[in-house]
file upload38.csv (CSV, C-alpha atoms)
chain,number,residue,atom,x,y,z
A,1,MET,CA,0.0,0.0,0.0
A,2,ASN,CA,1.3,3.5,-0.9
A,3,ALA,CA,1.7,5.4,2.4
A,4,GLY,CA,1.8,8.7,0.6
A,5,PRO,CA,4.5,11.3,0.7
A,6,ALA,CA,6.6,11.8,3.8
A,7,VAL,CA,7.4,15.4,3.0
A,8,THR,CA,6.2,18.3,0.9
A,9,VAL,CA,8.8,20.4,-0.9
A,10,VAL,CA,7.8,24.1,-1.2
A,11,ILE,CA,9.4,26.1,-3.9
A,12,PRO,CA,8.5,29.8,-4.5
A,13,LEU,CA,9.0,30.7,-8.2
A,14,TYR,CA,9.3,34.2,-9.7
A,15,ASN,CA,11.1,34.7,-13.0
A,16,LYS,CA,13.6,31.9,-12.6
A,17,ALA,CA,13.0,30.1,-15.9
A,18,ARG,CA,16.7,29.8,-16.4
A,19,GLU,CA,17.2,27.9,-13.2
A,20,ILE,CA,14.0,26.1,-12.2
A,21,ASP,CA,14.7,23.0,-14.4
A,22,ARG,CA,18.1,22.5,-12.7
A,23,THR,CA,16.5,23.0,-9.3
A,24,LEU,CA,13.7,20.5,-9.9
A,25,ARG,CA,16.1,17.9,-11.4
A,26,SER,CA,18.0,18.1,-8.1
A,27,VAL,CA,14.8,17.1,-6.3
A,28,GLN,CA,14.2,14.3,-8.8
A,29,ALA,CA,17.7,13.0,-8.0
A,30,GLN,CA,17.0,12.5,-4.3
A,31,THR,CA,17.6,9.1,-2.8
A,32,ARG,CA,14.2,9.4,-1.1
A,33,SER,CA,11.4,9.5,-3.6
A,34,ASP,CA,8.4,9.7,-1.2
A,35,TYR,CA,7.8,13.5,-1.6
A,36,GLN,CA,5.4,15.9,-3.2
A,37,VAL,CA,6.5,19.2,-4.7
A,38,ILE,CA,4.5,22.4,-4.6
A,39,VAL,CA,5.8,25.1,-6.9
A,40,VAL,CA,4.1,28.4,-6.3
A,41,ASP,CA,4.5,30.6,-9.4
A,42,ASP,CA,4.2,34.1,-8.0
A,43,GLY,CA,3.3,35.9,-11.1
A,44,SER,CA,6.2,35.0,-13.3
A,45,ASP,CA,6.2,36.3,-16.9
A,46,ASP,CA,9.3,34.4,-18.2
A,47,GLY,CA,7.8,31.0,-18.7
A,48,GLY,CA,9.1,29.4,-15.5
A,49,GLY,CA,5.7,27.8,-14.8
A,50,GLU,CA,5.8,26.1,-18.2
A,51,ALA,CA,9.2,24.7,-17.4
A,52,VAL,CA,7.8,23.0,-14.3
A,53,LEU,CA,5.0,21.4,-16.4
A,54,ALA,CA,7.4,20.3,-19.1
A,55,LEU,CA,9.0,17.9,-16.7
A,56,GLY,CA,5.8,15.9,-16.6
A,57,ASP,CA,6.4,14.6,-13.0
A,58,PRO,CA,3.2,13.7,-11.3
A,59,ARG,CA,4.7,14.5,-7.9
A,60,PHE,CA,5.1,18.2,-9.0
A,61,ARG,CA,2.1,20.5,-8.5
A,62,LEU,CA,2.1,24.0,-9.9
A,63,ILE,CA,0.0,26.8,-8.3
A,64,ARG,CA,-0.2,30.1,-10.1
A,65,GLN,CA,-1.0,33.4,-8.3
A,66,GLY,CA,-0.5,37.1,-8.8
A,67,ASN,CA,2.8,38.5,-7.6
A,68,GLY,CA,2.8,39.0,-3.8
A,69,GLY,CA,6.5,38.4,-2.9
A,70,VAL,CA,8.5,35.4,-1.7
A,71,SER,CA,6.9,35.2,1.7
A,72,VAL,CA,3.4,35.1,0.3
A,73,ALA,CA,4.4,32.4,-2.1
A,74,ARG,CA,6.1,30.3,0.6
A,75,ASN,CA,3.1,30.7,2.9
A,76,ARG,CA,0.8,29.6,0.2
A,77,GLY,CA,2.9,26.5,-0.3
A,78,LEU,CA,2.8,25.8,3.4
A,79,GLU,CA,-1.0,26.2,3.5
A,80,GLU,CA,-1.5,23.8,0.5
A,81,ALA,CA,0.8,21.1,1.9
A,82,ARG,CA,-0.8,18.0,3.4
A,83,THR,CA,2.1,16.5,5.1
A,84,GLU,CA,3.4,17.3,8.6
A,85,LEU,CA,6.9,17.8,7.3
A,86,VAL,CA,7.9,20.4,4.7
A,87,ALA,CA,11.2,21.1,3.1
A,88,LEU,CA,12.1,24.5,1.7
A,89,LEU,CA,13.9,25.1,-1.6
A,90,ASP,CA,14.4,28.3,-3.6
A,91,ALA,CA,13.9,28.1,-7.4
A,92,ASP,CA,17.6,28.8,-8.1
A,93,ASP,CA,19.3,26.5,-5.7
A,94,GLU,CA,20.0,22.8,-5.7
A,95,TRP,CA,20.0,19.9,-3.3
A,96,HIS,CA,22.6,17.1,-3.2
A,97,PRO,CA,21.0,13.7,-3.7
A,98,GLU,CA,21.2,12.8,0.0
A,99,PHE,CA,19.5,16.0,1.3
A,100,LEU,CA,16.1,14.6,2.1
A,101,ALA,CA,17.3,11.3,3.4
A,102,VAL,CA,19.7,12.9,5.8
A,103,LEU,CA,17.3,15.5,7.1
A,104,LEU,CA,14.4,13.0,7.5
A,105,GLU,CA,16.8,10.7,9.5
A,106,LEU,CA,17.9,13.7,11.6
A,107,HIS,CA,14.3,14.5,12.3
A,108,GLN,CA,13.7,11.0,13.4
A,109,ARG,CA,16.6,11.2,15.9
A,110,TYR,CA,15.6,14.5,17.2
A,111,PRO,CA,11.8,14.7,17.1
A,112,GLU,CA,11.8,17.6,19.6
A,113,ALA,CA,13.4,19.8,16.9
A,114,ALA,CA,10.9,21.9,15.0
A,115,LEU,CA,13.5,22.6,12.3
A,116,CYS,CA,16.4,20.6,10.9
A,117,GLY,CA,19.0,22.1,8.7
A,118,ALA,CA,22.0,21.0,6.6
A,119,GLY,CA,25.2,22.7,5.6
A,120,TYR,CA,25.2,24.7,2.4
A,121,ALA,CA,27.9,26.0,0.0
A,122,MET,CA,27.6,29.5,-1.5
A,123,VAL,CA,28.7,29.2,-5.1
A,124,GLY,CA,29.5,32.1,-7.5
A,125,SER,CA,29.6,32.2,-11.3
A,126,ARG,CA,32.1,29.3,-11.4
A,127,ALA,CA,31.6,26.0,-9.6
A,128,ASP,CA,35.1,26.1,-8.1
A,129,ARG,CA,34.3,29.3,-6.2
A,130,ALA,CA,32.4,27.8,-3.3
A,131,LEU,CA,32.7,30.0,-0.3
A,132,PRO,CA,33.4,28.1,3.0
A,133,PRO,CA,30.8,28.8,5.7
A,134,ARG,CA,31.9,30.3,9.0
A,135,TRP,CA,30.0,28.1,11.4
A,136,ARG,CA,30.0,29.0,15.1
A,137,ASP,CA,28.7,26.9,18.1
A,138,LEU,CA,27.2,24.2,15.9
A,139,PRO,CA,27.3,20.4,16.2
A,140,LEU,CA,30.2,19.4,13.9
A,141,ASN,CA,29.7,15.6,14.2
A,142,PRO,CA,29.0,14.5,10.6
A,143,GLU,CA,25.8,12.8,11.9
A,144,GLY,CA,24.5,16.1,13.2
A,145,GLY,CA,22.8,17.0,16.5
A,146,LEU,CA,20.9,19.7,18.4
A,147,ILE,CA,22.1,23.3,18.3
A,148,GLU,CA,22.7,24.4,21.9
A,149,ASP,CA,22.3,28.1,21.4
A,150,PHE,CA,20.8,29.2,18.1
A,151,MET,CA,21.2,32.9,18.8
A,152,ALA,CA,25.0,32.4,19.5
A,153,SER,CA,25.3,30.3,16.3
A,154,MET,CA,24.1,33.3,14.2
A,155,GLU,CA,27.2,35.3,15.1
A,156,GLY,CA,28.8,33.2,12.4
A,157,ASP,CA,27.1,32.4,9.1
A,158,CYS,CA,23.5,31.6,9.8
A,159,PRO,CA,23.3,27.8,10.1
A,160,LEU,CA,20.0,27.8,8.1
A,161,CYS,CA,19.1,29.2,4.7
A,162,SER,CA,15.8,29.1,2.8
A,163,SER,CA,17.0,26.1,0.8
A,164,SER,CA,18.5,24.0,3.6
A,165,VAL,CA,15.6,23.4,6.0
A,166,LEU,CA,13.1,20.7,6.8
A,167,GLY,CA,10.5,21.6,9.4
A,168,ARG,CA,7.2,21.0,11.0
A,169,ARG,CA,4.5,22.7,8.9
A,170,ARG,CA,2.3,23.4,11.9
A,171,VAL,CA,5.1,25.2,13.8
A,172,LEU,CA,5.9,27.4,10.8
A,173,LEU,CA,2.2,28.4,10.3
A,174,GLU,CA,1.5,28.9,14.0
A,175,ASN,CA,4.5,31.3,14.2
A,176,GLY,CA,2.7,33.4,11.6
A,177,GLY,CA,4.3,32.1,8.5
A,178,PHE,CA,7.1,34.0,6.7
A,179,ALA,CA,6.9,37.8,7.2
A,180,VAL,CA,5.2,39.5,4.3
A,181,GLY,CA,6.7,42.7,3.0
A,182,GLU,CA,10.3,42.2,4.2
A,183,ALA,CA,12.7,42.7,1.3
A,184,LEU,CA,15.5,40.7,2.9
A,185,GLY,CA,15.9,38.4,5.9
A,186,GLU,CA,12.4,37.0,6.0
A,187,ASP,CA,13.9,33.5,6.4
A,188,TRP,CA,16.2,34.6,9.3
A,189,ASP,CA,13.1,36.3,10.9
A,190,MET,CA,11.3,32.9,10.9
A,191,TRP,CA,14.3,30.9,12.2
A,192,VAL,CA,14.6,33.3,15.2
A,193,ARG,CA,10.9,33.2,16.0
A,194,VAL,CA,10.9,29.4,16.0
A,195,ALA,CA,14.1,29.2,18.0
A,196,LEU,CA,12.6,31.2,20.8
A,197,ASN,CA,10.2,28.2,21.6
A,198,TYR,CA,11.7,25.1,19.9
A,199,ARG,CA,14.9,23.2,19.4
A,200,ILE,CA,16.7,23.2,16.1
A,201,ALA,CA,18.9,20.4,14.8
A,202,PHE,CA,21.7,20.7,12.3
A,203,CYS,CA,23.9,18.4,10.2
A,204,PRO,CA,27.1,20.0,9.0
A,205,ARG,CA,27.4,18.0,5.8
A,206,THR,CA,27.2,20.2,2.8
A,207,LEU,CA,24.0,19.1,1.1
A,208,VAL,CA,22.8,22.3,-0.6
A,209,THR,CA,24.2,24.6,-3.3
A,210,TYR,CA,23.2,28.2,-2.8
A,211,ARG,CA,23.6,30.1,-6.0
A,212,LEU,CA,25.0,33.6,-5.6
A,213,ASP,CA,24.8,34.2,-9.4
A,214,ALA,CA,21.2,33.3,-10.0
A,215,THR,CA,18.7,35.6,-11.8
A,216,ASN,CA,17.1,38.2,-9.5
A,217,ARG,CA,19.1,37.0,-6.4
A,218,ALA,CA,18.6,39.5,-3.7
call {"tool": "encode", "arguments": {"input": "upload38.csv", "output": "structure tokens"}}
result
Amino acid sequence: MNAGPAVTVVIPLYNKAREIDRTLRSVQAQTRSDYQVIVVDDGSDDGGGEAVLALGDPRFRLIRQGNGGVSVARNRGLEEARTELVALLDADDEWHPEFLAVLLELHQRYPEAALCGAGYAMVGSRADRALPPRWRDLPLNPEGGLIEDFMASMEGDCPLCSSSVLGRRRVLLENGGFAVGEALGEDWDMWVRVALNYRIAFCPRTLVTYRLDATNRA
């Protein structure tokens, strides 16, 4: 019997036709296949939505709406998801094949954590220009663990980014969703609000490529 997806992947999309195919193929390459993807096309006018449909993957659902900003799009994806767990991915970044498997296993080991994050590499216009993160006060065991003091960890590079997180949908929504109208830092705002009341787990393995040279990157 098909137990259904274990996790919903939420991807906000706005004028990323050049990158979205690469991003979605990184999801298709996951070693875990029990997921659904919700792509929220936030008023794109460059054909990005058609690129999603062209892949023909029944696990991918495209929602179109007028442009409201990245937080509105992420929140719409959270509201439409039907799984307890959601994973966030921006339309111009990529996951390594083990991303979902590692974070789902981390969630199983630390069910008290509302968010689980993985290491990410910031990559410029050339693949060999990955910028090493400056982690501080984080579990560095390759298997990961709970962050003891999330606020202290943010004095280095933020341990979470908007493409490296798996979390509890209920917690994200009960904390008000992502802040609408913030031009920058809406993801950091969410992590801090969650950290005030919940534990956060982290795996230091680099499992995400964060593209600095993407179209419309803030």
call {"tool": "atom_distance", "arguments": {"input": "upload38.csv", "atom1": "CA of Tyr110 in chain A", "atom2": "CA of Gly144 in chain A"}}
result
9.9 Å
call {"tool": "closest_residue", "arguments": {"input": "upload38.csv", "among": "A:Leu100, A:Ile147, A:Leu115, A:Ile11", "to": "Val171 in chain A", "atoms": "only C-alpha atoms"}}
result
A:Leu115
call {"tool": "residues_around", "arguments": {"input": "upload38.csv", "residues": "range 198-210 of chain A", "least_positions_apart": "3", "cutoff": "6 Å", "atoms": "all atoms listed in the file", "output": "ChimeraX atom specification"}}
result
/A:93-96,99,113-122,140,144-147,194-195
call {"tool": "residues_around", "arguments": {"input": "upload38.csv", "residues": "Arg64 in chain A", "least_positions_apart": "4", "cutoff": "10 Å", "atoms": "all atoms listed in the file", "output": "list of chain:residue names"}}
result
A:Leu13, A:Val39, A:Val40, A:Asp41, A:Asp42, A:Gly43, A:Ser44, A:Gly49, A:Ala73
call {"tool": "write_last_selection", "arguments": {"input": "upload38.csv", "atoms": "C-alpha atoms", "output": "JSON list (two decimals), in the frame of the given file"}}
result
[["chain", "number", "residue", "atom", "x", "y", "z"],
["A", 13, "LEU", "CA", 9.00, 30.70, -8.20],
["A", 39, "VAL", "CA", 5.80, 25.10, -6.90],
["A", 40, "VAL", "CA", 4.10, 28.40, -6.30],
["A", 41, "ASP", "CA", 4.50, 30.60, -9.40],
["A", 42, "ASP", "CA", 4.20, 34.10, -8.00],
["A", 43, "GLY", "CA", 3.30, 35.90, -11.10],
["A", 44, "SER", "CA", 6.20, 35.00, -13.30],
["A", 49, "GLY", "CA", 5.70, 27.80, -14.80],
["A", 73, "ALA", "CA", 4.40, 32.40, -2.10]]
call {"tool": "closest_residue", "arguments": {"input": "upload38.csv", "among": "A:Pro12, A:Gly47, A:Pro139, A:Pro159", "to": "Asn75 in chain A", "atoms": "all atoms listed in the file"}}
result
A:Pro12
call {"tool": "closest_residue", "arguments": {"input": "upload38.csv", "among": "A:Ser71, A:Ser162, A:Asn197, A:Ser33", "to": "Gly181 in chain A", "atoms": "only C-alpha atoms"}}
result
A:Ser71
call {"tool": "atom_distance", "arguments": {"input": "upload38.csv", "atom1": "CA of Trp191 in chain A", "atom2": "CA of Thr8 in chain A"}}
result
18.8 Å
call {"tool": "decode", "arguments": {"input": "upload38.csv", "residues": "range 133-159 of chain A", "atoms": "N, CA, C and O atoms", "output": "tab-separated table (two decimals), in the first residue's frame"}}
result
chain	number	residue	atom	x	y	z
A	133	PRO	N	31.60	28.18	4.65
A	133	PRO	CA	30.82	28.84	5.71
A	133	PRO	C	31.66	29.05	6.97
A	133	PRO	O	32.62	28.32	7.22
A	134	ARG	N	31.27	30.04	7.73
A	134	ARG	CA	31.93	30.33	9.00
A	134	ARG	C	30.98	29.90	10.12
A	134	ARG	O	30.27	30.71	10.72
A	135	TRP	N	30.94	28.59	10.37
A	135	TRP	CA	30.03	28.07	11.40
A	135	TRP	C	30.55	28.43	12.80
A	135	TRP	O	31.75	28.46	13.04
A	136	ARG	N	29.62	28.67	13.70
A	136	ARG	CA	29.97	28.95	15.08
A	136	ARG	C	28.97	28.26	16.00
A	136	ARG	O	27.76	28.33	15.81
A	137	ASP	N	29.52	27.58	17.04
A	137	ASP	CA	28.70	26.95	18.08
A	137	ASP	C	27.66	25.99	17.50
A	137	ASP	O	26.50	25.97	17.91
A	138	LEU	N	28.10	25.17	16.54
A	138	LEU	CA	27.21	24.19	15.92
A	138	LEU	C	27.75	22.78	16.14
A	138	LEU	O	28.96	22.59	16.31
A	139	PRO	N	26.86	21.77	16.13
A	139	PRO	CA	27.34	20.38	16.19
A	139	PRO	C	28.11	20.05	14.93
A	139	PRO	O	27.57	20.19	13.82
A	140	LEU	N	29.36	19.65	15.07
A	140	LEU	CA	30.19	19.38	13.90
A	140	LEU	C	30.37	17.89	13.63
A	140	LEU	O	31.06	17.51	12.69
A	141	ASN	N	29.77	17.03	14.47
A	141	ASN	CA	29.73	15.61	14.17
A	141	ASN	C	29.02	15.42	12.83
A	141	ASN	O	27.96	15.99	12.60
A	142	PRO	N	29.59	14.64	11.90
A	142	PRO	CA	28.97	14.48	10.58
A	142	PRO	C	27.53	13.98	10.63
A	142	PRO	O	26.76	14.20	9.69
A	143	GLU	N	27.15	13.32	11.73
A	143	GLU	CA	25.78	12.83	11.86
A	143	GLU	C	24.82	13.91	12.31
A	143	GLU	O	23.60	13.75	12.25
A	144	GLY	N	25.35	15.03	12.81
A	144	GLY	CA	24.51	16.13	13.24
A	144	GLY	C	24.02	16.00	14.66
A	144	GLY	O	24.25	14.99	15.34
A	145	GLY	N	23.34	17.03	15.14
A	145	GLY	CA	22.81	17.05	16.50
A	145	GLY	C	22.01	18.31	16.74
A	145	GLY	O	21.75	19.10	15.82
A	146	LEU	N	21.63	18.54	17.99
A	146	LEU	CA	20.87	19.73	18.35
A	146	LEU	C	21.79	20.93	18.53
A	146	LEU	O	22.89	20.80	19.07
A	147	ILE	N	21.35	22.09	18.07
A	147	ILE	CA	22.09	23.33	18.29
A	147	ILE	C	21.82	23.77	19.73
A	147	ILE	O	20.67	23.90	20.14
A	148	GLU	N	22.87	23.99	20.49
A	148	GLU	CA	22.69	24.35	21.91
A	148	GLU	C	22.16	25.77	22.06
A	148	GLU	O	21.29	26.03	22.89
A	149	ASP	N	22.69	26.72	21.31
A	149	ASP	CA	22.29	28.12	21.43
A	149	ASP	C	22.19	28.71	20.03
A	149	ASP	O	23.19	29.12	19.45
A	150	PHE	N	20.98	28.74	19.49
A	150	PHE	CA	20.81	29.18	18.10
A	150	PHE	C	21.22	30.63	17.93
A	150	PHE	O	21.82	31.00	16.92
A	151	MET	N	20.91	31.48	18.90
A	151	MET	CA	21.25	32.90	18.77
A	151	MET	C	22.77	33.08	18.70
A	151	MET	O	23.28	33.88	17.91
A	152	ALA	N	23.51	32.33	19.51
A	152	ALA	CA	24.97	32.42	19.47
A	152	ALA	C	25.49	31.91	18.13
A	152	ALA	O	26.46	32.46	17.59
A	153	SER	N	24.85	30.89	17.56
A	153	SER	CA	25.31	30.34	16.29
A	153	SER	C	25.18	31.36	15.16
A	153	SER	O	25.94	31.33	14.19
A	154	MET	N	24.26	32.29	15.28
A	154	MET	CA	24.05	33.28	14.23
A	154	MET	C	25.12	34.37	14.22
A	154	MET	O	25.13	35.23	13.32
A	155	GLU	N	26.03	34.34	15.18
A	155	GLU	CA	27.15	35.28	15.15
A	155	GLU	C	28.16	34.89	14.07
A	155	GLU	O	29.02	35.69	13.69
A	156	GLY	N	28.09	33.65	13.60
A	156	GLY	CA	28.82	33.24	12.41
A	156	GLY	C	27.88	33.32	11.22
A	156	GLY	O	26.94	34.12	11.22
A	157	ASP	N	28.13	32.53	10.17
A	157	ASP	CA	27.13	32.43	9.11
A	157	ASP	C	25.89	31.77	9.67
A	157	ASP	O	25.98	30.82	10.46
A	158	CYS	N	24.72	32.25	9.28
A	158	CYS	CA	23.48	31.65	9.76
A	158	CYS	C	23.49	30.16	9.40
A	158	CYS	O	23.73	29.80	8.25
A	159	PRO	N	23.21	29.28	10.36
A	159	PRO	CA	23.25	27.85	10.06
A	159	PRO	C	22.13	27.38	9.13
A	159	PRO	O	22.22	26.28	8.58
